[in-house]
Amino acid sequence: MHERFLQLDSFLTTHQEFWRFEPFLVSCYGISLWHEKHSKLSCFLDALTNAQVEELKSDPQQLNQCLTDFIPKLESAHKLNQVERLHLDGLRLDPSVKNGVPGRKLHQIVSMGEAALKCHHGSEWLEWCSGKGFLGRVLADHSGQQVTSFEYQRTLCDVGQREADNLKLPMTFVQGDALSNEAKSILTRNQHAVALHACGDLHVSLIEKAVAAGLPALTFSPCCYHLTQDDKYQALSSYGQLSELKLSRAELRISLQETVTGGERVKRHRFLEMSYRLGLDLILREVLGHKDYVPVPSIKKSMLSEGFEAFCQWAADKKQLALPQALAYDDFYSRGVKRYWQMERLNLVQQPFRRSLEMWLVHDKALYLGEHGYQVSLATFCSEEVTPRNILIQAVKP
């Protein structure tokens, strides 16, 4: 694990010109990143049709093969990203236990629950950032052991406790802030801690508190690494702290850009919203004289169907900007679409580095646990089609 981390670190540091940028902003500024130093790569991207861009974006294997001609180390880095898939038989659940859980989420919960049960150490469970306690239900139902479900939102605690009581499951919900020092009080040396997709500082807080309390085991899948109070990523392990990579919040987002496709409607919404934002940026620069990109709040997807002009009026109202009465909206929209495809070409180059960044972050956390006496394993607990955030960290105190 140490060796793999060092190889990932070297790969990312050496090739940071290919991933350390924001495609959206670069397309706004019209910068040519690789025209001089990597002219063949630049020519390859320019020659792609929009349909070919879409095809490569949806076929990572083909994309890697194409880009390996320009970035030879991609193939070896791809091998570093491979981790074993857990062999899971599938848990049988009483219909009442899984009531109210949507299909894809249920698959994640059941798979992670089985993985935790197979690696169980301790005499009770701690469900960190539990929500309504769906994962805790699985663990309580199959182990018969006490589950403490720790959750920030009071309403979720109340609903979860009511459901657990109705099912006669040994679960106790505790409302509290996972980032506070007071949260330490709920940890005991008998607990096996679990967390499904705890975001950013929340899973870091669990790791640090579990180490301090000497918990016998942890099973968790990290998510949303950019949701942190710090401007830069605070490495946990000694190896991570020695790294040259000092990742900003924006760079932490890169590892999360891959999402489960939501079909043509979701693709269409993304195309419209990005094209609208890029077209509006041209208006603000060329008509109103703005030199920097002006961030605009999120918009309801249903409003995108009202068209580019309506989007611009909505954004101007939100940002208190005065747009001229007569504007060539069709022209600015067409140029926004052109920028969109420029952005997507830049995305193609960044895409193969996303998993390497995530594996770097995962290894940092795993090595920290190893440095504090835990035996740590990494695996995937479900397919990427179910969730791209499918890496599971399991740590056991000998």
# chains A, B, ... in the order shown; residues from 1 in each chain; ligands from 1
$ select_by_dssp --residues "stretch 65-107 of chain A" --states "helix (DSSP H, G or I)" --output "list in words"
Gln65, Cys66, Leu67, Thr68, Leu74, Glu75, Ser76, Ala77, His78, Lys79, Leu80, Gly103, Arg104, Lys105, Leu106 and His107 of chain A
$ select_by_dssp --residues "stretch 26-157 of chain A" --states "strand (DSSP E or B)" --output "list in words"
Arg85, Glu124, Trp125, Leu126, Glu127, Trp128, Val147, Thr148, Ser149, Phe150 and Glu151 of chain A
$ atom_distance --atom1 "atom CA of A:Ser255" --atom2 "atom CA of A:Leu361"
9.2 Å
$ closest_atom_pairs --of "stretch 322-352 of chain A" --to "stretch 42-60 of chain A" --cutoff "8 Å" --atoms "only C-alpha atoms" --output "JSON lines"
{"residue": "A:Trp341", "atom": "CA", "partner": "A:Asn50", "partner_atom": "CA", "distance": 6.8}
{"residue": "A:Glu344", "atom": "CA", "partner": "A:Val53", "partner_atom": "CA", "distance": 7.1}
{"residue": "A:Arg345", "atom": "CA", "partner": "A:Leu45", "partner_atom": "CA", "distance": 6.1}
{"residue": "A:Leu348", "atom": "CA", "partner": "A:Lys57", "partner_atom": "CA", "distance": 6.4}
{"residue": "A:Pro352", "atom": "CA", "partner": "A:Pro60", "partner_atom": "CA", "distance": 7.4}
$ write_last_selection --atoms "N, CA and C atoms" --output "PDB file, in the first residue's frame"
ATOM      1  N   TRP A 341     -18.312  22.435 -26.249  1.00  0.00           N
ATOM      2  CA  TRP A 341     -17.580  21.314 -26.835  1.00  0.00           C
ATOM      3  C   TRP A 341     -16.075  21.460 -26.634  1.00  0.00           C
ATOM      4  N   GLU A 344     -15.635  20.059 -23.216  1.00  0.00           N
ATOM      5  CA  GLU A 344     -15.725  18.602 -23.207  1.00  0.00           C
ATOM      6  C   GLU A 344     -14.444  17.959 -23.719  1.00  0.00           C
ATOM      7  N   ARG A 345     -13.770  18.585 -24.674  1.00  0.00           N
ATOM      8  CA  ARG A 345     -12.485  18.063 -25.152  1.00  0.00           C
ATOM      9  C   ARG A 345     -11.438  18.135 -24.047  1.00  0.00           C
ATOM     10  N   LEU A 348     -11.953  15.355 -21.566  1.00  0.00           N
ATOM     11  CA  LEU A 348     -11.466  14.035 -21.998  1.00  0.00           C
ATOM     12  C   LEU A 348     -10.066  13.766 -21.455  1.00  0.00           C
ATOM     13  N   PRO A 352      -9.178  10.506 -17.329  1.00  0.00           N
ATOM     14  CA  PRO A 352      -8.440   9.321 -16.856  1.00  0.00           C
ATOM     15  C   PRO A 352      -7.701   9.529 -15.538  1.00  0.00           C
TER      16      PRO A 352
END
$ closest_residue --among "A:Arg20, A:Lys365, A:Arg162, A:His107" --to "A:Phe381" --atoms "only C-alpha atoms"
A:His107
$ closest_residue --among "A:Leu80, A:Leu256, A:Leu321, A:Leu280" --to "A:Phe5" --atoms "only C-alpha atoms"
A:Leu80
